[in-house]
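Structure below is data.txt: compact mmCIF, C-alpha atoms and all ligand atoms.
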# COMPACT_ATOMS: atom_id res chain seq x y z
CA MET A 55 0.00 0.00 0.00
CA ASN A 56 2.77 2.30 1.05
CA GLY A 57 4.74 1.35 -2.06
CA LYS A 58 1.67 2.22 -4.24
CA MET A 59 1.35 5.63 -2.55
CA ASN A 60 5.04 6.32 -3.03
CA GLY A 61 4.74 5.40 -6.71
CA ASN A 62 1.76 7.78 -7.18
CA ARG A 63 3.66 10.59 -5.47
CA MET A 64 6.66 10.03 -7.78
CA MET A 65 4.38 10.08 -10.86
CA THR A 66 2.81 13.41 -9.78
CA GLY A 67 6.31 14.90 -9.12
CA ALA A 68 7.59 13.86 -12.56
CA ARG A 69 4.47 15.31 -14.26
CA ALA A 70 5.01 18.59 -12.41
CA LEU A 71 8.66 18.58 -13.46
CA TRP A 72 7.70 17.96 -17.12
CA SER A 73 5.12 20.72 -16.99
CA ALA A 74 7.63 23.16 -15.50
CA ALA A 75 10.20 22.22 -18.17
CA ALA A 76 7.63 22.66 -20.95
CA LEU A 77 6.61 26.06 -19.56
CA LEU A 78 10.24 27.11 -19.39
CA CYS A 79 10.82 26.01 -23.00
CA LEU A 80 7.74 27.95 -24.11
CA LEU A 81 8.95 31.03 -22.24
CA LEU A 82 12.43 30.72 -23.74
CA ALA A 83 10.98 30.29 -27.24
CA PHE A 84 8.77 33.34 -26.72
CA VAL A 85 11.68 35.47 -25.53
CA ALA A 86 13.79 34.27 -28.47
CA ILE A 87 11.05 35.06 -30.99
CA LEU A 88 10.09 38.47 -29.59
CA PRO A 89 12.98 40.60 -30.87
CA GLY A 90 12.86 38.74 -34.18
CA GLN A 91 9.21 39.67 -34.58
CA ALA A 92 9.87 43.31 -33.82
CA SER A 93 12.46 43.65 -36.55
CA ALA A 94 10.69 41.38 -38.99
CA GLN A 95 7.82 43.78 -39.59
CA SER A 96 9.06 43.92 -43.19
CA SER A 97 10.84 41.27 -45.20
CA VAL A 98 13.87 43.55 -45.49
CA ARG A 99 16.67 42.68 -43.06
CA LEU A 100 18.92 45.59 -42.24
CA ASP A 101 22.59 45.15 -41.70
CA PRO A 102 23.02 45.34 -37.86
CA VAL A 103 26.29 47.25 -38.22
CA GLN A 104 24.55 50.02 -40.15
CA THR A 105 21.69 50.32 -37.71
CA GLN A 106 23.54 50.38 -34.41
CA SER A 107 22.62 53.19 -32.10
CA PRO A 108 25.08 56.04 -32.62
CA THR A 109 25.33 56.54 -28.86
CA GLY A 110 25.82 52.85 -28.31
CA GLY A 111 23.00 52.95 -25.77
CA ALA A 112 21.04 49.79 -25.13
CA VAL A 113 17.28 49.65 -25.03
CA PRO A 114 16.02 48.66 -21.52
CA GLY A 115 15.66 44.95 -21.31
CA ASP A 116 17.67 44.52 -24.50
CA VAL A 117 14.45 43.63 -26.27
CA LEU A 118 15.76 45.01 -29.57
CA GLY A 119 19.41 44.28 -28.99
CA VAL A 120 21.29 47.57 -29.16
CA THR A 121 18.94 49.02 -31.74
CA SER A 122 15.92 51.03 -30.71
CA ASP A 123 12.95 51.50 -33.01
CA ALA A 124 13.89 55.16 -33.51
CA ASP A 125 17.42 54.29 -34.63
CA TYR A 126 16.11 51.54 -36.82
CA TRP A 127 13.65 53.77 -38.65
CA ARG A 128 16.11 56.67 -38.75
CA ALA A 129 18.46 54.36 -40.63
CA VAL A 130 15.67 53.26 -42.96
CA ARG A 131 14.73 56.91 -43.56
CA GLY A 132 18.39 57.64 -44.29
CA GLY A 133 18.26 55.17 -47.16
CA VAL A 134 20.20 52.30 -45.58
CA ASN A 135 20.11 49.28 -47.85
CA GLY A 136 18.77 46.01 -46.52
CA ASN A 137 18.95 42.56 -48.02
CA VAL A 138 16.08 40.95 -49.87
CA SER A 139 15.93 37.46 -51.29
CA ILE A 140 13.83 38.47 -54.32
CA PRO A 141 15.65 39.24 -57.61
CA ASP A 142 14.88 43.00 -57.51
CA LYS A 143 17.59 44.10 -55.06
CA LYS A 144 16.29 47.70 -55.23
CA ALA A 145 13.43 46.56 -52.99
CA GLY A 146 16.00 46.39 -50.19
CA THR A 147 15.78 50.17 -49.92
CA LEU A 148 12.51 50.82 -48.10
CA ILE A 149 12.71 54.62 -48.20
CA GLN A 150 14.94 56.42 -50.68
CA SER A 151 15.13 59.94 -49.30
CA GLU A 152 16.84 61.36 -52.40
CA GLY A 153 13.57 60.67 -54.19
CA GLU A 154 11.98 63.47 -52.21
CA ALA A 155 14.87 65.84 -52.98
CA TRP A 156 14.58 64.95 -56.68
CA ARG A 157 10.84 65.56 -56.68
CA SER A 158 11.01 68.93 -54.94
CA LEU A 159 13.87 70.10 -57.15
CA ARG A 160 12.06 69.06 -60.32
CA ASN A 161 8.66 70.46 -59.38
CA GLY A 162 10.15 73.50 -57.68
CA PRO A 163 13.20 75.51 -58.82
CA LEU A 164 13.83 73.52 -62.01
CA SER A 165 10.33 74.02 -63.41
CA LEU A 166 10.28 77.63 -62.27
CA TYR A 167 13.66 78.73 -63.67
CA ALA A 168 13.10 76.73 -66.86
CA SER A 169 9.87 78.61 -67.53
CA TRP A 170 11.65 81.93 -66.87
CA ALA A 171 14.44 80.97 -69.29
CA MET A 172 11.98 80.15 -72.07
CA LEU A 173 9.95 83.30 -71.44
CA ALA A 174 13.14 85.42 -71.40
CA THR A 175 14.22 83.93 -74.75
CA ILE A 176 10.86 84.80 -76.32
CA VAL A 177 10.99 88.35 -74.89
CA LEU A 178 14.58 88.87 -76.13
CA LEU A 179 13.70 87.64 -79.62
CA ALA A 180 10.64 89.89 -79.69
CA LEU A 181 12.79 92.83 -78.57
CA PHE A 182 15.40 92.04 -81.21
CA TYR A 183 12.67 91.93 -83.85
CA ALA A 184 11.21 95.21 -82.60
CA ILE A 185 14.59 96.98 -82.66
CA ARG A 186 16.34 95.41 -85.65
CA GLY A 187 13.35 94.30 -87.69
CA ARG A 188 13.67 91.63 -90.36
CA VAL A 189 17.20 91.23 -91.76
CA ARG A 190 16.55 92.15 -95.38
CA ILE A 191 18.54 91.34 -98.51
CA GLY A 192 20.52 94.62 -98.72
CA ALA A 193 20.80 94.61 -102.52
CA GLY A 194 17.23 93.36 -102.91
CA PRO A 195 16.26 89.98 -104.40
CA SER A 196 18.18 89.04 -107.55
CA THR A 197 16.88 87.18 -110.58
CA GLN A 198 19.13 84.21 -109.87
CA THR A 199 19.30 81.43 -107.26
CA ILE A 200 22.03 79.09 -106.12
CA THR A 201 21.67 75.59 -104.67
CA ARG A 202 22.31 75.81 -100.92
CA PHE A 203 21.28 72.39 -99.59
CA LYS A 204 20.74 69.14 -101.49
CA ALA A 205 17.66 66.95 -100.89
CA MET A 206 19.56 64.62 -98.53
CA GLU A 207 20.75 67.55 -96.41
CA ARG A 208 17.22 68.93 -96.16
CA PHE A 209 15.86 65.48 -95.33
CA GLY A 210 18.36 65.10 -92.47
CA HIS A 211 17.62 68.62 -91.20
CA TRP A 212 13.86 68.16 -91.21
CA MET A 213 14.02 64.73 -89.62
CA LEU A 214 16.06 66.30 -86.81
CA ALA A 215 13.90 69.44 -86.63
CA ILE A 216 10.44 67.81 -86.70
CA SER A 217 11.41 65.12 -84.19
CA PHE A 218 12.95 67.79 -81.91
CA VAL A 219 9.82 69.93 -81.99
CA VAL A 220 7.55 66.96 -81.16
CA LEU A 221 9.96 65.73 -78.47
CA GLY A 222 10.10 69.26 -77.04
CA LEU A 223 6.32 69.69 -76.92
CA THR A 224 5.61 66.24 -75.46
CA GLY A 225 8.46 66.67 -72.95
CA LEU A 226 7.19 70.08 -71.86
CA ASN A 227 3.78 68.51 -71.39
CA VAL A 228 5.29 66.05 -68.90
CA LEU A 229 6.81 68.95 -66.95
CA TYR A 230 4.05 71.57 -67.18
CA GLY A 231 1.00 69.86 -68.74
CA ARG A 232 -0.84 69.26 -65.50
CA TYR A 233 -0.67 72.95 -64.60
CA VAL A 234 -1.20 74.44 -68.07
CA LEU A 235 -3.10 71.95 -70.23
CA LYS A 236 -5.18 69.92 -67.76
CA PRO A 237 -7.25 72.86 -66.48
CA LEU A 238 -7.97 73.84 -70.10
CA ILE A 239 -8.95 70.48 -71.63
CA GLY A 240 -9.99 68.37 -68.64
CA ASP A 241 -8.67 65.18 -67.04
CA GLY A 242 -9.72 62.65 -69.72
CA ALA A 243 -8.36 64.54 -72.73
CA PHE A 244 -5.19 65.40 -70.83
CA ALA A 245 -4.62 61.76 -69.86
CA PHE A 246 -5.13 60.68 -73.49
CA ILE A 247 -2.81 63.36 -74.91
CA THR A 248 -0.16 62.65 -72.31
CA GLN A 249 -0.20 58.92 -72.97
CA MET A 250 0.02 59.43 -76.75
CA GLY A 251 2.73 62.01 -76.11
CA LYS A 252 4.74 59.49 -74.12
CA TYR A 253 4.66 56.99 -77.01
CA LEU A 254 5.63 59.72 -79.49
CA HIS A 255 8.43 60.86 -77.18
CA ASN A 256 9.83 57.33 -76.86
CA TYR A 257 9.70 56.44 -80.55
CA LEU A 258 10.64 59.79 -82.11
CA ALA A 259 13.77 59.80 -79.97
CA PHE A 260 15.21 57.35 -82.50
CA ALA A 261 14.37 59.66 -85.46
CA PHE A 262 16.06 62.48 -83.53
CA MET A 263 19.21 60.42 -83.01
CA ALA A 264 19.25 59.39 -86.69
CA GLY A 265 18.78 63.02 -87.81
CA LEU A 266 21.53 64.13 -85.45
CA LEU A 267 23.93 61.57 -86.90
CA MET A 268 23.05 62.58 -90.48
CA VAL A 269 23.50 66.28 -89.82
CA PHE A 270 26.81 65.63 -88.06
CA VAL A 271 28.22 63.50 -90.87
CA MET A 272 27.05 65.89 -93.63
CA TRP A 273 28.06 69.19 -92.06
CA VAL A 274 30.90 68.62 -89.62
CA LYS A 275 33.59 69.57 -92.14
CA HIS A 276 31.86 72.91 -92.77
CA ASN A 277 31.67 73.68 -89.07
CA LEU A 278 35.29 73.45 -88.03
CA PRO A 279 36.36 76.84 -86.66
CA ASP A 280 38.75 78.94 -88.76
CA ARG A 281 40.10 82.49 -89.13
CA THR A 282 37.01 83.83 -90.94
CA ASP A 283 35.02 83.16 -87.76
CA VAL A 284 37.17 85.55 -85.73
CA LYS A 285 36.51 88.34 -88.24
CA TRP A 286 32.82 87.50 -88.33
CA VAL A 287 32.52 87.66 -84.54
CA LEU A 288 34.57 90.87 -84.26
CA GLN A 289 32.21 92.52 -86.73
CA GLY A 290 29.14 91.32 -84.78
CA GLY A 291 28.08 89.12 -87.70
CA GLY A 292 26.81 92.24 -89.46
CA LEU A 293 23.56 91.67 -87.62
CA PHE A 294 23.17 95.33 -86.84
CA SER A 295 23.96 96.63 -90.34
CA SER A 296 21.60 96.21 -93.27
CA LYS A 297 24.30 96.96 -95.87
CA TYR A 298 27.40 95.02 -94.76
CA HIS A 299 27.82 91.40 -93.69
CA PRO A 300 31.28 89.99 -92.92
CA PRO A 301 32.53 87.27 -95.30
CA ALA A 302 31.63 83.68 -94.40
CA LYS A 303 32.02 80.20 -95.80
CA LYS A 304 29.11 77.70 -95.99
CA PHE A 305 28.32 78.38 -92.33
CA ASN A 306 29.19 81.57 -90.43
CA ALA A 307 30.50 81.60 -86.83
CA GLY A 308 26.99 82.02 -85.38
CA GLN A 309 25.77 78.98 -87.27
CA LYS A 310 28.83 77.01 -86.21
CA VAL A 311 27.96 77.74 -82.58
CA ILE A 312 24.40 76.53 -83.21
CA PHE A 313 25.75 73.42 -84.96
CA TRP A 314 28.01 72.41 -82.06
CA LEU A 315 25.36 73.20 -79.45
CA VAL A 316 22.93 70.99 -81.37
CA ILE A 317 25.47 68.17 -81.64
CA VAL A 318 26.79 68.25 -78.07
CA GLY A 319 23.38 69.06 -76.55
CA GLY A 320 21.71 66.47 -78.80
CA VAL A 321 24.15 63.73 -77.79
CA SER A 322 23.71 64.62 -74.11
CA LEU A 323 19.92 64.55 -74.47
CA SER A 324 20.10 61.24 -76.33
CA VAL A 325 22.35 59.58 -73.75
CA SER A 326 20.33 60.75 -70.74
CA GLY A 327 17.08 59.92 -72.58
CA TRP A 328 18.39 56.44 -73.38
CA ALA A 329 19.15 55.91 -69.69
CA LEU A 330 15.58 56.96 -68.83
CA MET A 331 14.10 54.67 -71.47
CA PHE A 332 16.11 51.65 -70.28
CA PRO A 333 16.22 52.35 -66.53
CA PHE A 334 18.72 50.98 -64.02
CA THR A 335 21.19 49.86 -66.67
CA THR A 336 23.64 52.78 -66.76
CA HIS A 337 26.12 54.43 -64.39
CA PHE A 338 26.91 57.59 -66.34
CA PHE A 339 26.91 59.94 -63.36
CA ALA A 340 28.99 57.78 -61.03
CA GLY A 341 31.53 57.32 -63.84
CA THR A 342 31.57 61.04 -64.74
CA PHE A 343 31.79 62.16 -61.10
CA GLY A 344 34.64 59.72 -60.53
CA LYS A 345 36.59 61.20 -63.45
CA ILE A 346 35.86 64.78 -62.35
CA ASN A 347 37.10 63.90 -58.84
CA MET A 348 40.26 62.42 -60.30
CA ILE A 349 41.00 65.45 -62.48
CA PHE A 350 39.93 68.31 -60.20
CA GLY A 351 40.31 66.68 -56.78
CA THR A 352 36.66 67.36 -56.00
CA GLU A 353 34.54 65.12 -53.78
CA LEU A 354 31.47 64.47 -55.88
CA PRO A 355 29.61 61.27 -54.94
CA ALA A 356 31.13 58.58 -57.15
CA ALA A 357 29.20 55.68 -55.64
CA LEU A 358 25.57 56.09 -56.64
CA SER A 359 22.69 53.66 -56.46
CA VAL A 360 20.82 52.89 -59.67
CA LEU A 361 17.89 54.93 -58.35
CA GLN A 362 20.09 57.98 -57.74
CA GLU A 363 21.45 57.55 -61.28
CA GLN A 364 17.88 57.67 -62.62
CA GLN A 365 17.05 60.79 -60.64
CA LEU A 366 20.16 62.59 -61.87
CA ASN A 367 19.43 61.45 -65.43
CA SER A 368 15.94 62.85 -65.17
CA LEU A 369 17.15 66.24 -63.86
CA TRP A 370 19.95 66.47 -66.43
CA HIS A 371 17.61 65.51 -69.30
CA SER A 372 15.18 68.29 -68.32
CA ILE A 373 17.92 70.92 -67.92
CA MET A 374 19.51 70.05 -71.29
CA ALA A 375 16.11 69.95 -72.98
CA ILE A 376 15.14 73.41 -71.75
CA PHE A 377 18.54 74.81 -72.75
CA MET A 378 18.14 73.32 -76.22
CA VAL A 379 14.58 74.63 -76.54
CA CYS A 380 15.89 78.17 -75.86
CA VAL A 381 18.74 77.81 -78.38
CA ILE A 382 16.45 76.34 -81.03
CA MET A 383 13.84 79.09 -80.55
CA ALA A 384 16.54 81.58 -81.57
CA HIS A 385 17.54 79.36 -84.50
CA ILE A 386 13.95 79.01 -85.73
CA TYR A 387 13.48 82.78 -85.46
CA ILE A 388 16.52 83.61 -87.61
CA GLY A 389 15.77 80.78 -90.06
CA SER A 390 12.22 82.02 -90.69
CA ILE A 391 10.72 85.44 -89.87
CA GLY A 392 14.01 86.96 -88.66
CA MET A 393 15.81 86.94 -92.02
CA GLU A 394 14.50 87.49 -95.52
CA GLY A 395 15.44 84.64 -97.87
CA ALA A 396 16.78 82.26 -95.18
CA PHE A 397 13.93 79.74 -95.09
CA ASP A 398 14.31 78.89 -98.79
CA ALA A 399 17.63 77.21 -97.97
CA MET A 400 15.75 74.46 -96.11
CA GLY A 401 12.48 74.86 -98.06
CA THR A 402 13.38 74.39 -101.71
CA GLY A 403 17.14 74.20 -101.21
CA GLU A 404 17.59 77.17 -103.64
CA VAL A 405 18.49 80.58 -102.23
CA ASP A 406 18.56 84.02 -103.78
CA LEU A 407 22.04 84.76 -105.17
CA ASN A 408 22.18 88.20 -103.56
CA TRP A 409 21.24 86.70 -100.18
CA ALA A 410 23.99 84.09 -100.59
CA LYS A 411 26.57 86.74 -101.58
CA GLU A 412 25.68 88.86 -98.55
CA HIS A 413 25.68 86.10 -95.94
CA HIS A 414 28.09 83.50 -97.33
CA SER A 415 30.33 85.35 -99.80
CA ILE A 416 33.33 82.97 -99.58
CA TRP A 417 31.05 79.96 -100.07
CA VAL A 418 29.47 81.55 -103.20
CA ASP A 419 32.95 82.20 -104.64
CA GLU A 420 33.94 78.58 -103.95
CA GLU A 421 30.75 77.22 -105.53
CA GLN A 422 31.06 79.47 -108.57
CA SER A 423 34.71 78.57 -109.12
CA LYS A 424 33.69 74.87 -108.97
CA THR A 425 31.07 75.41 -111.71
CA GLN A 426 33.50 77.38 -113.82
CA LYS A 427 35.81 74.35 -113.70
CA ALA A 428 32.89 72.00 -114.46
CA PRO A 429 30.19 74.02 -116.25
CA SER A 430 27.56 71.24 -116.03
CA GLY A 431 27.84 71.10 -112.18
CA GLY A 432 24.72 71.48 -110.06
CA ALA A 433 25.79 74.56 -108.09
CA SER A 434 25.45 77.09 -110.88
CA PRO A 435 23.17 80.06 -110.27
CA GLN A 436 19.69 79.45 -111.68
CA PRO A 437 17.31 82.15 -112.89
CA ALA A 438 14.76 82.78 -110.15
CA GLU A 439 11.20 81.80 -111.01
C1 LIG A 501 11.35 73.97 -86.91
C2 LIG A 501 11.81 75.05 -87.46
C3 LIG A 501 13.16 75.20 -88.10
C4 LIG A 501 13.42 76.02 -89.14
C5 LIG A 501 12.44 76.93 -89.84
C6 LIG A 501 14.81 75.87 -89.46
C7 LIG A 501 15.46 76.53 -90.47
C8 LIG A 501 16.77 76.35 -90.83
C9 LIG A 501 17.40 76.96 -91.96
C10 LIG A 501 16.73 77.92 -92.93
C11 LIG A 501 18.68 76.56 -91.97
C12 LIG A 501 19.74 76.92 -93.01
C13 LIG A 501 20.45 78.19 -92.72
C14 LIG A 501 21.39 78.49 -93.83
O1 LIG A 501 21.00 78.54 -94.98
O2 LIG A 501 22.57 78.65 -93.57
C15 LIG A 501 18.88 75.68 -90.87
C16 LIG A 501 20.06 75.09 -90.51
C17 LIG A 501 20.26 74.29 -89.43
N1 LIG A 501 19.26 73.82 -88.57
FE1 LIG A 501 17.35 74.38 -88.60
N2 LIG A 501 15.37 74.98 -88.59
C18 LIG A 501 14.41 74.54 -87.73
C19 LIG A 501 14.56 73.64 -86.70
C20 LIG A 501 15.76 73.08 -86.35
C21 LIG A 501 15.94 72.21 -85.23
C22 LIG A 501 14.83 71.81 -84.27
C23 LIG A 501 17.26 71.87 -85.20
C24 LIG A 501 17.98 70.99 -84.24
C25 LIG A 501 17.50 70.41 -83.18
C26 LIG A 501 17.90 72.52 -86.31
C27 LIG A 501 19.24 72.41 -86.58
C28 LIG A 501 19.87 73.06 -87.63
C29 LIG A 501 21.30 73.03 -87.84
C30 LIG A 501 22.32 72.29 -86.97
C31 LIG A 501 21.54 73.80 -88.96
C32 LIG A 501 22.91 74.11 -89.57
C33 LIG A 501 23.59 75.21 -88.82
C34 LIG A 501 22.84 76.50 -88.85
O3 LIG A 501 22.40 76.93 -89.92
O4 LIG A 501 22.67 77.09 -87.80
N3 LIG A 501 16.96 73.24 -86.98
N4 LIG A 501 17.69 75.57 -90.18
Go through the file and emit its structure as structure tokens.
Amino acid sequence: MNGKMNGNRMMTGARALWSAAALLCLLLAFVAILPGQASAQSSVRLDPVQTQSPTGGAVPGDVLGVTSDADYWRAVRGGVNGNVSIPDKKAGTLIQSEGEAWRSLRNGPLSLYASWAMLATIVLLALFYAIRGRVRIGAGPSTQTITRFKAMERFGHWMLAISFVVLGLTGLNVLYGRYVLKPLIGDGAFAFITQMGKYLHNYLAFAFMAGLLMVFVMWVKHNLPDRTDVKWVLQGGGLFSSKYHPPAKKFNAGQKVIFWLVIVGGVSLSVSGWALMFPFTTHFFAGTFGKINMIFGTELPAALSVLQEQQLNSLWHSIMAIFMVCVIMAHIYIGSIGMEGAFDAMGTGEVDLNWAKEHHSIWVDEEQSKTQKAPSGGASPQPAE
């Protein structure tokens, strides 16, 4: 009987011991899981070294190790990269603070100063027109014309020009459309136009690049600077005299400046536009900053994330585009209403002989001496219709 009682007592003691052990295990498991749960609110795991408290202070009870919630989220807000197991490693950055800086720069000062620059260009051109008037052919129109640009040259120019104008308008719509166009035409029409504009912008970029290449190949040899340019510049291009224009070859110094601005600006626009069209594949800015640092000893950030690269590309593309729009507005002015006889060069390709002698006297001499050597050549002056 006694033995039975002893056995029962032992059984009860063992059960109590097992229960206590199980409770302890549960408690231990709970304590082990708790900090894990706190930091696993997202699937992004931050590098503990990056998120350590700057003061080294521990949170009471060490629930979060040495990292408090505030430090943790401060690090996240500061753009600290975590690790993710999915292929898109960019998802490891929960908050990219530069995105906010990019947005406020683009929608703030950039948009504002860009609109001032374009307005100032228009005002200056209008003032120039009001003061100088149309640049007339001093000797009056002649009865003869001379071939200025062949069909292929005009084709290249117009491919470049038309694509630029459409790219410019659709690009400006992305920057200003919601403030200027949307209130005028309504949400639906604006959404439709903007979406069509985006397709046009993407596809016409290739026509622009092709036109740029054509124009470069056809005209680069006529745009190398030489001594005549110095004379032309010193005499102000004859822009303020209706009688005298300094001698010039196929292109005068002013046109050469436009040519090189179009080429360099066009390449810069194309490269930054390409990076925007195929995002996260280029490192132009990190590479450029690195070289600038090497040459000038500056400390520009040479290690940039792909997102930062995109933001810089976007800002640079807008700045270059606005600059080019201003330059091209001046070019369009002088190639159309600003100068009598200029448009024909790109219209029919035939220009008035007196116009050519006034603006490109050396070129006319060269062309005429060529035709004297070969009388059946295509550059001979033609009677005007
Ligand atoms: C859309 C209106 C445009 C008009 C009416 C126009 C007109 C002209 C004319 C008449 C010329 C020949 C000047 C001469 O005989 O020497 C010319 C040349 C030229 N155009 Fe245009 N153009 C326009 C747009 C553009 C655009 C958008 C670009 C480039 C993005 C461009 C780039 C050039 C270049 C590089 C030259 C040769 C250099 C020069 O003459 O300045 N044009 N243009």
**OP:** Kindly indicate which residue among A:Leu254, A:Met400, A:Leu361, A:Ile239 lies nearest to ligand LIG 501 (chain A), using all atoms listed in the file for the distances.
**Re:** A:Met400
Original post:
Mind pulling up the distance from CA of Arg160 in chain A to atom C29 of ligand LIG 501 (chain A)?
Top reply: 29.3 Å
Subject >> Long-range neighbours of range 310-319 of chain A as a list in words, 9 Å cut-off, only C-alpha atoms, 5 positions minimum in chain >> reply: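 So, after excluding close chain neighbours, the residues are Leu266, Leu267, Val269, Phe270, Trp273, Val274, His276, Asn277, Leu278, Pro279, Asp283, Phe305, Ser324, Met374, Ala375, Phe377, Met378, Val381, Ile382 and His385 of chain A.
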**OP:** Mind checking which residues fall within 6 Å of range 410-424 of chain A, counting all atoms listed in the file, ignoring those fewer than 2 positions away in the same chain, and posting them as a VMD selection string?
**Re:** chain A and resid 299 301 to 304 407 to 408 426 to 427
For C-alpha atoms, I'd like the residues from the last selection saved as a PDB file, keeping the file's coordinate frame.
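The result, stored in result_11.pdb:
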ATOM      1  CA  HIS A 299      27.820  91.400 -93.690  1.00  0.00           C
ATOM      2  CA  PRO A 301      32.530  87.270 -95.300  1.00  0.00           C
ATOM      3  CA  ALA A 302      31.630  83.680 -94.400  1.00  0.00           C
ATOM      4  CA  LYS A 303      32.020  80.200 -95.800  1.00  0.00           C
ATOM      5  CA  LYS A 304      29.110  77.700 -95.990  1.00  0.00           C
ATOM      6  CA  LEU A 407      22.040  84.760-105.170  1.00  0.00           C
ATOM      7  CA  ASN A 408      22.180  88.200-103.560  1.00  0.00           C
ATOM      8  CA  GLN A 426      33.500  77.380-113.820  1.00  0.00           C
ATOM      9  CA  LYS A 427      35.810  74.350-113.700  1.00  0.00           C
TER      10      LYS A 427
END
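Put simply, CA of Leu258 in chain A is 11.7 Å away from CA of Gly225 in chain A.
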**OP:** Kindly indicate which residue among A:Pro237, A:Gly242, A:Gly133, A:Gly308 lies nearest to ligand LIG 501 (chain A), using all atoms listed in the file for the distances.
**Re:**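 Of A:Pro237, A:Gly242, A:Gly133, A:Gly308, the one nearest ligand LIG 501 (chain A), counting all atoms listed in the file, is A:Gly308.
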Subject >> Residue nearest ligand LIG 501 (chain A) among A:Val138, A:Ala215, A:Leu330, A:Ala340 (counting only C-alpha atoms and all ligand atoms) >> reply: A:Ala215
Report, as JSON, the centre and edge lengths in Å (one decimal) of the axis-aligned box enclosing every listed atom of ligand LIG 501 (chain A), padded by 5 Å on each side.
{"center_x": 17.5, "center_y": 74.5, "center_z": -89.1, "size_x": 22.2, "size_y": 18.2, "size_z": 21.8}
Subject >> Protein/DNA/RNA residues near (30.6, 62.6, -53.3), cut 12 Å, all atoms listed in the file, as a count of residues only >> reply: 18
**OP:** Measure the distance from CA of Asp398 in chain A to atom C14 of ligand LIG 501 (chain A) in Å and round it to one decimal.
**Re:** 8.7 Å
Considering all atoms listed in the file, tabulate each residue of range 280-381 of chain A that lies at most 12 Å from range 178-183 of chain A along with its nearest interatomic pair and the corresponding distance in Å to one decimal; arrange the rows by chain and ascending residue number and present them as CSV.
residue,atom,partner,partner_atom,distance
A:Leu293,CA,A:Phe182,CA,10.4
A:Phe294,CA,A:Phe182,CA,10.1
A:Cys380,CA,A:Leu179,CA,10.4
A:Val381,CA,A:Leu179,CA,11.1
Subject >> Proximity to ligand LIG 501 (chain A) - best of A:Ala171, A:Val284, A:Met331, A:Ala261, only C-alpha atoms and all ligand atoms >> reply: A:Ala261
